[in-house]
Amino acid sequence: MPRVPEHAVVSRLANQSHLAMHRHPAEDFGDSFIIIKMLSAGVCGTDLAILGGSRPDLANVLGHEGVGTVLHAPEHAGISPGARVIINPVHRKRPSSVIGHSRGGIFREFFTLDAADVLEGGHLVECPPACSLTDTELALVEPVASVLYSIELLREKSEAGLLLIRGSGTVGVLAAKLWSILTGSPAILVSKSDEHVQWLRDSVRWPSNVRICSITTAAEAIRDYSEYLGAMAAILCCSRESAPEGFCWLLDGVTDGAIIDLMAGFPTDHKETRLGGVRLNEVRWNNICGMSSAPATAARDSSTGKSIYLVGHRGTAERHILQAIELMSRKVISIADIPHRLLTLEQLPGAVKKMLSADTRRHTNWIKAIVDFSQVHRGESDADC
């Protein structure tokens with residue numbers, strides 16, 4: 001019978017808005033369980049939205065982007081002990097079941113899953129044995145895979161052309177770079193903050209056909225790409241609170257016949273009146289883990305008269321994750337492209353608190369926090385994270 005030793009876990013406090021680390025006692029599991037020793041885990045905007053109260057997810061332990069080593073797996077589990085595995089959080093047959101959202105996540109030293117659930121849900125993807133990427137690099141695989149899924153859906157209707165991105169976090173940066181590299185077409189990344197725009201320009205290595213703009217300067221940038229006759233594709237990847245405003249901004253910015261991918265979630269029961277009351281959150285359920293899919297949703301914008309096509313997705317397929325590993329292995333995209341900070345698990349609560357604070361967030365010099373479980377805490381206080 002496999003046994004998980006006493007280990008550190010970061011979980012939500014009683015008020016649900018902050019995190020704290022505690023020790024979880026040793027525990028025995030049945031032979032049907034897969035036991036994973038976590039190696040690295042990324043902090044996602046979704047984690048922050050859950051803690052900030054804009055998402056209703058109930059998981060006590062958050063975290064869904066990560067990699068670990070399998071310590072125990074039953075026979076016929078499809079995974080062998082010693083393998084490095086990428087966590088694929090969305091259950092491909094029950095997409096409301098999501099690691100780190102509706103069920104316990106990976107901000108802990110040891111993570112366990114029932115093998116039958118892993119096989120049915122596709123929750124683990126084995127990293128190719130020859131892969132030379134480090135554990136912390138692999139923490140970026142899941143968000144890269146999600147962006148690849150987005151690009152795949154957009155290219156079904158718009159093979160190439162100018163891409164407009166509203167949202168300037170990790171996903172926005174990855175989307176701008178990957179669209180530029182994979183399609184050869186330009187991308188315009190739009191942030192609300194002029195200060196953040198300047199910081200991104202100075203802090204990130206950008207392809208020559210990617211422009212970083214504020215809301216007030218984006219229209220001019222779109223006009224500069226006049227040979228593309230406007231933006232035919234767009235991605236919404238801002239915060240849930242900003243999503244309704246950001247989506248309307250995209251409606252104004254794209255051209256007639258454009259396709260918009262809704263990577264951002266919307267407040268519960270939000271209906272877009274400009275599109276006749278379309279429930280935008282429901283569009284995001286039309287494509288699940290690369291398995292079930294539906295045609296783009298067609299709508300007409302009552303404010304501009306434009307025909308608009310909407311897509312969205314939840315989760316990723318194994319093929320997206322393996323493609324992400326392959327692109328990162330070839331340095332097509334890398335962790336160096338994302339200003340990031342490596343943390344110990346003990347430092348995670350303080351770092352997240354800083355990321356949630358409007359006063360301190362804008363003074364950070366990173367947009368991605370990654371827990372490196374191999375790091376030893378060096379005594380910094382939460383305020384130093």
# chains A, B, ... in the order shown; residues from 1 in each chain; ligands from 1
call {"tool": "residues_around", "arguments": {"residues": "A:Pro81", "least_positions_apart": "3", "cutoff": "7 Å", "atoms": "only C-alpha atoms", "output": "list in words"}}
result
Val70, Leu71, His72 and Ala73 of chain A
call {"tool": "residues_around", "arguments": {"residues": "A:Ser80", "least_positions_apart": "3", "cutoff": "12 Å", "atoms": "only C-alpha atoms", "output": "list of chain:residue names"}}
result
A:Ile34, A:Ile35, A:Ile36, A:Thr69, A:Val70, A:Leu71, A:His72, A:Ala73, A:Pro74, A:Glu75, A:His76, A:Ala77, A:Ala83, A:Arg84, A:Val85, A:Ala115, A:Leu124, A:Val125, A:Glu126, A:Cys127, A:Pro129
call {"tool": "residues_around", "arguments": {"residues": "stretch 174-185 of chain A", "least_positions_apart": "5", "cutoff": "6 Å", "atoms": "only C-alpha atoms", "output": "ChimeraX atom specification"}}
result
/A:147,160-161
call {"tool": "closest_atom_pairs", "arguments": {"of": "stretch 47-79 of chain A", "to": "stretch 232-244 of chain A", "cutoff": "10 Å", "atoms": "only C-alpha atoms", "output": "tab-separated table"}}
result
residue	atom	partner	partner_atom	distance
A:Leu48	CA	A:Ser239	CA	9.4
A:Ala49	CA	A:Arg240	CA	7.3
A:Ser54	CA	A:Arg240	CA	6.7
A:Arg55	CA	A:Arg240	CA	8.0
call {"tool": "residues_around", "arguments": {"residues": "A:His123", "least_positions_apart": "2", "cutoff": "6 Å", "atoms": "only C-alpha atoms", "output": "PDB file with N, CA and C atoms, in the first residue's frame"}}
result
ATOM      1  N   ILE A  87       0.670  18.045 -15.695  1.00  0.00           N
ATOM      2  CA  ILE A  87      -0.708  18.025 -15.223  1.00  0.00           C
ATOM      3  C   ILE A  87      -1.606  18.653 -16.296  1.00  0.00           C
ATOM      4  N   ASN A  88      -2.615  17.899 -16.725  1.00  0.00           N
ATOM      5  CA  ASN A  88      -3.615  18.406 -17.668  1.00  0.00           C
ATOM      6  C   ASN A  88      -4.914  18.542 -16.884  1.00  0.00           C
ATOM      7  N   PRO A  89      -5.270  19.753 -16.443  1.00  0.00           N
ATOM      8  CA  PRO A  89      -6.231  19.891 -15.341  1.00  0.00           C
ATOM      9  C   PRO A  89      -7.692  19.603 -15.658  1.00  0.00           C
ATOM     10  N   VAL A 118      -7.579   9.317 -13.911  1.00  0.00           N
ATOM     11  CA  VAL A 118      -6.523   9.810 -14.804  1.00  0.00           C
ATOM     12  C   VAL A 118      -6.740   9.292 -16.221  1.00  0.00           C
ATOM     13  N   GLY A 121     -10.045  10.891 -17.606  1.00  0.00           N
ATOM     14  CA  GLY A 121      -9.986  12.345 -17.760  1.00  0.00           C
ATOM     15  C   GLY A 121      -8.806  12.860 -18.551  1.00  0.00           C
TER      16      GLY A 121
END
call {"tool": "select_by_dssp", "arguments": {"residues": "stretch 216-297 of chain A", "states": "helix (DSSP H, G or I)", "output": "list of chain:residue names"}}
result
A:Ala218, A:Ala219, A:Glu220, A:Ala221, A:Ile222, A:Arg223, A:Asp224, A:Ser226, A:Glu227, A:Tyr228, A:Ala243, A:Pro244, A:Glu245, A:Gly246, A:Phe247, A:Cys248, A:Trp249, A:Leu250, A:Leu251, A:Asp252, A:Gly253, A:Thr273, A:Arg274, A:Leu275, A:Leu280, A:Asn281, A:Glu282, A:Val283
call {"tool": "write_last_selection", "arguments": {"atoms": "N, CA and C atoms", "output": "mmCIF file, in the first residue's frame"}}
result
data_model
loop_
_atom_site.group_PDB
_atom_site.id
_atom_site.type_symbol
_atom_site.label_atom_id
_atom_site.label_comp_id
_atom_site.auth_asym_id
_atom_site.auth_seq_id
_atom_site.Cartn_x
_atom_site.Cartn_y
_atom_site.Cartn_z
ATOM 1 N N ALA A 218 -3.956 51.766 -29.690
ATOM 2 C CA ALA A 218 -4.123 50.560 -30.495
ATOM 3 C C ALA A 218 -4.730 50.848 -31.859
ATOM 4 N N ALA A 219 -5.681 51.792 -31.924
ATOM 5 C CA ALA A 219 -6.327 52.086 -33.209
ATOM 6 C C ALA A 219 -5.310 52.544 -34.242
ATOM 7 N N GLU A 220 -4.368 53.346 -33.820
ATOM 8 C CA GLU A 220 -3.317 53.800 -34.736
ATOM 9 C C GLU A 220 -2.463 52.623 -35.205
ATOM 10 N N ALA A 221 -2.156 51.706 -34.282
ATOM 11 C CA ALA A 221 -1.357 50.540 -34.652
ATOM 12 C C ALA A 221 -2.096 49.666 -35.664
ATOM 13 N N ILE A 222 -3.407 49.509 -35.477
ATOM 14 C CA ILE A 222 -4.207 48.731 -36.436
ATOM 15 C C ILE A 222 -4.142 49.379 -37.817
ATOM 16 N N ARG A 223 -4.254 50.698 -37.867
ATOM 17 C CA ARG A 223 -4.185 51.409 -39.150
ATOM 18 C C ARG A 223 -2.829 51.238 -39.812
ATOM 19 N N ASP A 224 -1.775 51.102 -39.003
ATOM 20 C CA ASP A 224 -0.427 50.928 -39.565
ATOM 21 C C ASP A 224 -0.321 49.638 -40.369
ATOM 22 N N SER A 226 -2.326 48.454 -42.566
ATOM 23 C CA SER A 226 -3.427 48.648 -43.508
ATOM 24 C C SER A 226 -3.521 47.545 -44.550
ATOM 25 N N GLU A 227 -2.386 46.867 -44.853
ATOM 26 C CA GLU A 227 -2.430 45.808 -45.857
ATOM 27 C C GLU A 227 -3.255 44.614 -45.396
ATOM 28 N N TYR A 228 -3.521 44.526 -44.101
ATOM 29 C CA TYR A 228 -4.327 43.417 -43.577
ATOM 30 C C TYR A 228 -5.808 43.758 -43.483
ATOM 31 N N ALA A 243 -13.409 41.515 -18.377
ATOM 32 C CA ALA A 243 -13.797 40.819 -19.607
ATOM 33 C C ALA A 243 -14.947 41.497 -20.358
ATOM 34 N N PRO A 244 -16.054 41.922 -19.703
ATOM 35 C CA PRO A 244 -17.132 42.556 -20.476
ATOM 36 C C PRO A 244 -16.665 43.807 -21.217
ATOM 37 N N GLU A 245 -15.914 44.660 -20.530
ATOM 38 C CA GLU A 245 -15.402 45.874 -21.184
ATOM 39 C C GLU A 245 -14.391 45.522 -22.261
ATOM 40 N N GLY A 246 -13.518 44.555 -21.966
ATOM 41 C CA GLY A 246 -12.502 44.151 -22.932
ATOM 42 C C GLY A 246 -13.106 43.550 -24.184
ATOM 43 N N PHE A 247 -14.180 42.772 -24.008
ATOM 44 C CA PHE A 247 -14.838 42.165 -25.163
ATOM 45 C C PHE A 247 -15.466 43.236 -26.048
ATOM 46 N N CYS A 248 -16.147 44.208 -25.454
ATOM 47 C CA CYS A 248 -16.738 45.285 -26.249
ATOM 48 C C CYS A 248 -15.664 46.083 -26.972
ATOM 49 N N TRP A 249 -14.530 46.246 -26.329
ATOM 50 C CA TRP A 249 -13.419 46.943 -26.984
ATOM 51 C C TRP A 249 -12.959 46.162 -28.215
ATOM 52 N N LEU A 250 -12.891 44.838 -28.099
ATOM 53 C CA LEU A 250 -12.519 44.022 -29.254
ATOM 54 C C LEU A 250 -13.567 44.115 -30.356
ATOM 55 N N LEU A 251 -14.842 44.122 -29.989
ATOM 56 C CA LEU A 251 -15.889 44.261 -30.995
ATOM 57 C C LEU A 251 -15.690 45.538 -31.816
ATOM 58 N N ASP A 252 -15.276 46.597 -31.151
ATOM 59 C CA ASP A 252 -15.028 47.851 -31.862
ATOM 60 C C ASP A 252 -13.750 47.775 -32.706
ATOM 61 N N GLY A 253 -12.786 46.973 -32.252
ATOM 62 C CA GLY A 253 -11.469 46.981 -32.894
ATOM 63 C C GLY A 253 -11.316 46.046 -34.074
ATOM 64 N N THR A 273 -25.364 42.192 -24.609
ATOM 65 C CA THR A 273 -26.517 42.819 -25.253
ATOM 66 C C THR A 273 -26.215 43.239 -26.687
ATOM 67 N N ARG A 274 -24.960 43.580 -26.967
ATOM 68 C CA ARG A 274 -24.614 43.990 -28.338
ATOM 69 C C ARG A 274 -24.757 42.834 -29.328
ATOM 70 N N LEU A 275 -24.733 41.604 -28.825
ATOM 71 C CA LEU A 275 -24.861 40.435 -29.691
ATOM 72 C C LEU A 275 -26.185 39.716 -29.478
ATOM 73 N N LEU A 280 -21.766 34.508 -23.156
ATOM 74 C CA LEU A 280 -20.403 34.293 -23.629
ATOM 75 C C LEU A 280 -19.714 33.151 -22.892
ATOM 76 N N ASN A 281 -20.056 32.943 -21.615
ATOM 77 C CA ASN A 281 -19.444 31.824 -20.896
ATOM 78 C C ASN A 281 -19.811 30.485 -21.523
ATOM 79 N N GLU A 282 -21.018 30.386 -22.076
ATOM 80 C CA GLU A 282 -21.435 29.139 -22.697
ATOM 81 C C GLU A 282 -20.638 28.846 -23.964
ATOM 82 N N VAL A 283 -20.226 29.888 -24.673
ATOM 83 C CA VAL A 283 -19.410 29.697 -25.870
ATOM 84 C C VAL A 283 -18.095 29.012 -25.514
#
call {"tool": "closest_residue", "arguments": {"among": "A:Gly78, A:Gly350, A:Gly265, A:Gly30", "to": "A:Asp114", "atoms": "only C-alpha atoms"}}
result
A:Gly30
call {"tool": "residues_around", "arguments": {"residues": "stretch 306-320 of chain A", "least_positions_apart": "5", "cutoff": "6 Å", "atoms": "only C-alpha atoms", "output": "PDB file with N, CA and C atoms, in the first residue's frame"}}
result
ATOM      1  N   VAL A  90      -8.146  19.847 -16.900  1.00  0.00           N
ATOM      2  CA  VAL A  90      -9.574  19.710 -17.205  1.00  0.00           C
ATOM      3  C   VAL A  90      -9.898  18.270 -17.577  1.00  0.00           C
ATOM      4  N   ALA A 145       0.282  25.314 -24.161  1.00  0.00           N
ATOM      5  CA  ALA A 145      -0.651  24.412 -24.832  1.00  0.00           C
ATOM      6  C   ALA A 145      -2.021  25.060 -25.012  1.00  0.00           C
ATOM      7  N   SER A 146      -2.474  25.801 -24.008  1.00  0.00           N
ATOM      8  CA  SER A 146      -3.770  26.472 -24.106  1.00  0.00           C
ATOM      9  C   SER A 146      -3.765  27.512 -25.220  1.00  0.00           C
ATOM     10  N   ASP A 256     -15.259  43.436 -39.907  1.00  0.00           N
ATOM     11  CA  ASP A 256     -16.423  42.601 -40.199  1.00  0.00           C
ATOM     12  C   ASP A 256     -15.981  41.188 -40.567  1.00  0.00           C
ATOM     13  N   GLY A 257     -16.657  40.190 -39.986  1.00  0.00           N
ATOM     14  CA  GLY A 257     -16.318  38.800 -40.266  1.00  0.00           C
ATOM     15  C   GLY A 257     -15.214  38.234 -39.403  1.00  0.00           C
ATOM     16  N   ALA A 258     -14.764  38.990 -38.407  1.00  0.00           N
ATOM     17  CA  ALA A 258     -13.656  38.545 -37.558  1.00  0.00           C
ATOM     18  C   ALA A 258     -14.092  37.433 -36.614  1.00  0.00           C
ATOM     19  N   ILE A 259     -13.116  36.688 -36.135  1.00  0.00           N
ATOM     20  CA  ILE A 259     -13.347  35.628 -35.152  1.00  0.00           C
ATOM     21  C   ILE A 259     -12.632  35.990 -33.858  1.00  0.00           C
ATOM     22  N   ILE A 260     -13.326  35.824 -32.732  1.00  0.00           N
ATOM     23  CA  ILE A 260     -12.787  36.165 -31.414  1.00  0.00           C
ATOM     24  C   ILE A 260     -12.782  34.915 -30.548  1.00  0.00           C
ATOM     25  N   ASP A 261     -11.633  34.613 -29.947  1.00  0.00           N
ATOM     26  CA  ASP A 261     -11.537  33.492 -29.013  1.00  0.00           C
ATOM     27  C   ASP A 261     -11.648  34.023 -27.593  1.00  0.00           C
ATOM     28  N   LEU A 262     -12.568  33.447 -26.840  1.00  0.00           N
ATOM     29  CA  LEU A 262     -12.829  33.880 -25.469  1.00  0.00           C
ATOM     30  C   LEU A 262     -12.026  33.017 -24.505  1.00  0.00           C
ATOM     31  N   VAL A 283     -20.226  29.888 -24.673  1.00  0.00           N
ATOM     32  CA  VAL A 283     -19.410  29.697 -25.870  1.00  0.00           C
ATOM     33  C   VAL A 283     -18.095  29.012 -25.514  1.00  0.00           C
ATOM     34  N   ARG A 284     -17.595  29.285 -24.323  1.00  0.00           N
ATOM     35  CA  ARG A 284     -16.318  28.713 -23.902  1.00  0.00           C
ATOM     36  C   ARG A 284     -16.399  27.206 -23.672  1.00  0.00           C
ATOM     37  N   TRP A 285     -17.614  26.667 -23.594  1.00  0.00           N
ATOM     38  CA  TRP A 285     -17.802  25.231 -23.383  1.00  0.00           C
ATOM     39  C   TRP A 285     -17.995  24.476 -24.703  1.00  0.00           C
ATOM     40  N   ASN A 287     -15.789  23.851 -27.020  1.00  0.00           N
ATOM     41  CA  ASN A 287     -14.627  23.048 -27.406  1.00  0.00           C
ATOM     42  C   ASN A 287     -13.946  22.561 -26.133  1.00  0.00           C
ATOM     43  N   ILE A 288     -13.909  21.255 -25.960  1.00  0.00           N
ATOM     44  CA  ILE A 288     -13.422  20.662 -24.718  1.00  0.00           C
ATOM     45  C   ILE A 288     -12.213  19.770 -24.997  1.00  0.00           C
ATOM     46  N   CYS A 289     -11.059  20.168 -24.481  1.00  0.00           N
ATOM     47  CA  CYS A 289      -9.858  19.332 -24.479  1.00  0.00           C
ATOM     48  C   CYS A 289      -9.502  18.762 -25.862  1.00  0.00           C
ATOM     49  N   GLY A 290      -9.832  19.492 -26.912  1.00  0.00           N
ATOM     50  CA  GLY A 290      -9.480  19.044 -28.256  1.00  0.00           C
ATOM     51  C   GLY A 290     -10.264  17.842 -28.728  1.00  0.00           C
ATOM     52  N   ALA A 296     -17.937  27.702 -34.870  1.00  0.00           N
ATOM     53  CA  ALA A 296     -17.930  29.029 -34.262  1.00  0.00           C
ATOM     54  C   ALA A 296     -19.349  29.578 -34.206  1.00  0.00           C
ATOM     55  N   THR A 297     -19.639  30.296 -33.130  1.00  0.00           N
ATOM     56  CA  THR A 297     -20.956  30.907 -32.953  1.00  0.00           C
ATOM     57  C   THR A 297     -21.024  32.210 -33.741  1.00  0.00           C
ATOM     58  N   ALA A 298     -21.984  32.309 -34.643  1.00  0.00           N
ATOM     59  CA  ALA A 298     -22.137  33.518 -35.451  1.00  0.00           C
ATOM     60  C   ALA A 298     -23.084  34.488 -34.749  1.00  0.00           C
ATOM     61  N   ALA A 299     -22.746  35.772 -34.796  1.00  0.00           N
ATOM     62  CA  ALA A 299     -23.579  36.799 -34.177  1.00  0.00           C
ATOM     63  C   ALA A 299     -23.401  38.102 -34.938  1.00  0.00           C
ATOM     64  N   ARG A 300     -24.343  39.007 -34.739  1.00  0.00           N
ATOM     65  CA  ARG A 300     -24.244  40.330 -35.357  1.00  0.00           C
ATOM     66  C   ARG A 300     -24.200  41.380 -34.259  1.00  0.00           C
ATOM     67  N   ASP A 301     -23.231  42.288 -34.368  1.00  0.00           N
ATOM     68  CA  ASP A 301     -23.057  43.353 -33.390  1.00  0.00           C
ATOM     69  C   ASP A 301     -24.042  44.472 -33.707  1.00  0.00           C
TER      70      ASP A 301
END
call {"tool": "select_by_dssp", "arguments": {"residues": "stretch 97-161 of chain A", "states": "strand (DSSP E or B)", "output": "PyMOL selection string"}}
result
chain A and resi 98-99+103+108+110-114+124-126
call {"tool": "write_last_selection", "arguments": {"atoms": "N, CA and C atoms", "output": "short mmCIF file (atom, residue, chain, number, x, y, z; two decimals), in the first residue's frame"}}
result
data_model
loop_
_atom_site.label_atom_id
_atom_site.label_comp_id
_atom_site.auth_asym_id
_atom_site.auth_seq_id
_atom_site.Cartn_x
_atom_site.Cartn_y
_atom_site.Cartn_z
N VAL A 98 -12.22 20.15 -12.65
CA VAL A 98 -10.94 20.77 -13.01
C VAL A 98 -10.02 20.80 -11.79
N ILE A 99 -8.85 20.21 -11.93
CA ILE A 99 -7.85 20.23 -10.86
C ILE A 99 -7.51 21.67 -10.51
N ARG A 103 -11.77 20.88 -7.73
CA ARG A 103 -11.17 19.80 -6.91
C ARG A 103 -9.75 20.20 -6.55
N ARG A 108 1.22 21.69 -3.46
CA ARG A 108 1.57 20.77 -2.36
C ARG A 108 2.74 19.92 -2.84
N PHE A 110 3.22 16.65 -2.49
CA PHE A 110 2.80 15.38 -3.06
C PHE A 110 1.34 15.50 -3.52
N PHE A 111 1.07 14.98 -4.71
CA PHE A 111 -0.26 15.09 -5.31
C PHE A 111 -0.72 13.68 -5.69
N THR A 112 -1.97 13.35 -5.38
CA THR A 112 -2.48 12.00 -5.65
C THR A 112 -3.71 12.07 -6.53
N LEU A 113 -3.83 11.08 -7.42
CA LEU A 113 -4.97 10.96 -8.31
C LEU A 113 -5.34 9.49 -8.43
N ASP A 114 -6.64 9.20 -8.53
CA ASP A 114 -7.06 7.85 -8.80
C ASP A 114 -6.74 7.49 -10.24
N LEU A 124 -2.90 13.31 -17.03
CA LEU A 124 -1.45 13.27 -17.00
C LEU A 124 -0.91 13.01 -18.40
N VAL A 125 0.07 13.80 -18.80
CA VAL A 125 0.75 13.60 -20.08
C VAL A 125 2.22 13.40 -19.79
N GLU A 126 2.75 12.25 -20.20
CA GLU A 126 4.15 11.95 -19.91
C GLU A 126 5.08 12.79 -20.77
#
call {"tool": "atom_distance", "arguments": {"atom1": "atom CA of A:Pro349", "atom2": "atom CA of A:Arg12"}}
result
9.3 Å
call {"tool": "atom_distance", "arguments": {"atom1": "atom CA of A:Gly230", "atom2": "atom CA of A:Pro207"}}
result
19.7 Å
call {"tool": "residues_around", "arguments": {"residues": "A:Val144", "least_positions_apart": "4", "cutoff": "10 Å", "atoms": "only C-alpha atoms", "output": "list in words"}}
result
Leu138, Ala139, Leu140, Leu148, Tyr149, Ser150, Thr170, Val171, Leu174, Ala175, Leu178, Thr316, His320, Ile321, Gln323, Ala324, Ile325, Leu327, Met328, Ile333 and Ser334 of chain A
call {"tool": "write_last_selection", "arguments": {"atoms": "N, CA and C atoms", "output": "PDB file, in the first residue's frame"}}
result
ATOM      1  N   LEU A 138       9.142  23.415 -17.670  1.00  0.00           N
ATOM      2  CA  LEU A 138       7.948  22.624 -17.966  1.00  0.00           C
ATOM      3  C   LEU A 138       6.694  23.175 -17.283  1.00  0.00           C
ATOM      4  N   ALA A 139       6.850  24.016 -16.276  1.00  0.00           N
ATOM      5  CA  ALA A 139       5.683  24.636 -15.641  1.00  0.00           C
ATOM      6  C   ALA A 139       4.942  25.547 -16.612  1.00  0.00           C
ATOM      7  N   LEU A 140       5.599  25.956 -17.688  1.00  0.00           N
ATOM      8  CA  LEU A 140       4.973  26.831 -18.675  1.00  0.00           C
ATOM      9  C   LEU A 140       4.231  26.053 -19.755  1.00  0.00           C
ATOM     10  N   LEU A 148      -1.830  27.388 -27.871  1.00  0.00           N
ATOM     11  CA  LEU A 148      -1.796  26.636 -29.125  1.00  0.00           C
ATOM     12  C   LEU A 148      -3.202  26.178 -29.522  1.00  0.00           C
ATOM     13  N   TYR A 149      -3.992  25.780 -28.549  1.00  0.00           N
ATOM     14  CA  TYR A 149      -5.379  25.404 -28.807  1.00  0.00           C
ATOM     15  C   TYR A 149      -6.154  26.609 -29.353  1.00  0.00           C
ATOM     16  N   SER A 150      -5.949  27.772 -28.743  1.00  0.00           N
ATOM     17  CA  SER A 150      -6.598  28.991 -29.195  1.00  0.00           C
ATOM     18  C   SER A 150      -6.237  29.299 -30.648  1.00  0.00           C
ATOM     19  N   THR A 170       0.509  36.549 -18.860  1.00  0.00           N
ATOM     20  CA  THR A 170       1.292  35.461 -19.450  1.00  0.00           C
ATOM     21  C   THR A 170       0.681  34.966 -20.756  1.00  0.00           C
ATOM     22  N   VAL A 171      -0.625  34.711 -20.760  1.00  0.00           N
ATOM     23  CA  VAL A 171      -1.282  34.184 -21.955  1.00  0.00           C
ATOM     24  C   VAL A 171      -1.206  35.182 -23.103  1.00  0.00           C
ATOM     25  N   LEU A 174       2.354  35.133 -24.542  1.00  0.00           N
ATOM     26  CA  LEU A 174       2.571  33.898 -25.296  1.00  0.00           C
ATOM     27  C   LEU A 174       1.804  33.920 -26.614  1.00  0.00           C
ATOM     28  N   ALA A 175       0.555  34.399 -26.586  1.00  0.00           N
ATOM     29  CA  ALA A 175      -0.260  34.425 -27.796  1.00  0.00           C
ATOM     30  C   ALA A 175       0.340  35.335 -28.850  1.00  0.00           C
ATOM     31  N   LEU A 178       3.596  33.542 -30.210  1.00  0.00           N
ATOM     32  CA  LEU A 178       3.344  32.321 -30.969  1.00  0.00           C
ATOM     33  C   LEU A 178       2.598  32.599 -32.261  1.00  0.00           C
ATOM     34  N   THR A 316      -7.026  21.379 -22.616  1.00  0.00           N
ATOM     35  CA  THR A 316      -6.198  21.128 -23.789  1.00  0.00           C
ATOM     36  C   THR A 316      -6.140  19.624 -24.031  1.00  0.00           C
ATOM     37  N   HIS A 320      -1.727  19.081 -27.813  1.00  0.00           N
ATOM     38  CA  HIS A 320      -1.316  20.462 -27.555  1.00  0.00           C
ATOM     39  C   HIS A 320      -0.151  20.505 -26.568  1.00  0.00           C
ATOM     40  N   ILE A 321      -0.224  19.663 -25.542  1.00  0.00           N
ATOM     41  CA  ILE A 321       0.838  19.635 -24.540  1.00  0.00           C
ATOM     42  C   ILE A 321       2.141  19.127 -25.149  1.00  0.00           C
ATOM     43  N   GLN A 323       2.962  19.274 -28.307  1.00  0.00           N
ATOM     44  CA  GLN A 323       3.435  20.313 -29.221  1.00  0.00           C
ATOM     45  C   GLN A 323       4.125  21.432 -28.454  1.00  0.00           C
ATOM     46  N   ALA A 324       3.565  21.792 -27.302  1.00  0.00           N
ATOM     47  CA  ALA A 324       4.186  22.826 -26.476  1.00  0.00           C
ATOM     48  C   ALA A 324       5.575  22.397 -26.025  1.00  0.00           C
ATOM     49  N   ILE A 325       5.713  21.138 -25.596  1.00  0.00           N
ATOM     50  CA  ILE A 325       7.022  20.630 -25.186  1.00  0.00           C
ATOM     51  C   ILE A 325       8.000  20.678 -26.359  1.00  0.00           C
ATOM     52  N   LEU A 327       7.937  22.662 -29.068  1.00  0.00           N
ATOM     53  CA  LEU A 327       8.301  24.041 -29.392  1.00  0.00           C
ATOM     54  C   LEU A 327       9.265  24.617 -28.360  1.00  0.00           C
ATOM     55  N   MET A 328       9.018  24.314 -27.086  1.00  0.00           N
ATOM     56  CA  MET A 328       9.914  24.814 -26.050  1.00  0.00           C
ATOM     57  C   MET A 328      11.275  24.133 -26.114  1.00  0.00           C
ATOM     58  N   ILE A 333       9.709  29.026 -28.215  1.00  0.00           N
ATOM     59  CA  ILE A 333       9.182  29.826 -27.115  1.00  0.00           C
ATOM     60  C   ILE A 333       9.829  29.273 -25.855  1.00  0.00           C
ATOM     61  N   SER A 334      10.072  30.117 -24.866  1.00  0.00           N
ATOM     62  CA  SER A 334      10.760  29.626 -23.671  1.00  0.00           C
ATOM     63  C   SER A 334      10.345  30.432 -22.451  1.00  0.00           C
TER      64      SER A 334
END
call {"tool": "atom_distance", "arguments": {"atom1": "atom CA of A:Ser17", "atom2": "atom CA of A:Leu51"}}
result
4.5 Å
call {"tool": "residues_around", "arguments": {"residues": "A:Pro56", "least_positions_apart": "5", "cutoff": "10 Å", "atoms": "only C-alpha atoms", "output": "list in words"}}
result
Ala49, Ile50, Leu51, His101, Ser102, Pro267 and Thr268 of chain A
call {"tool": "closest_atom_pairs", "arguments": {"of": "stretch 329-366 of chain A", "to": "stretch 18-28 of chain A", "cutoff": "10 Å", "atoms": "only C-alpha atoms", "output": "CSV"}}
result
residue,atom,partner,partner_atom,distance
A:Leu345,CA,A:Met21,CA,7.8
A:Glu346,CA,A:Met21,CA,6.4
A:Gln347,CA,A:Met21,CA,9.0
A:Leu348,CA,A:Leu19,CA,8.1
A:Pro349,CA,A:Leu19,CA,5.0
A:Gly350,CA,A:Leu19,CA,8.2
A:Ala351,CA,A:Leu19,CA,9.9
A:Val352,CA,A:Leu19,CA,7.9
A:Lys353,CA,A:His18,CA,7.0
A:Leu356,CA,A:His18,CA,9.5
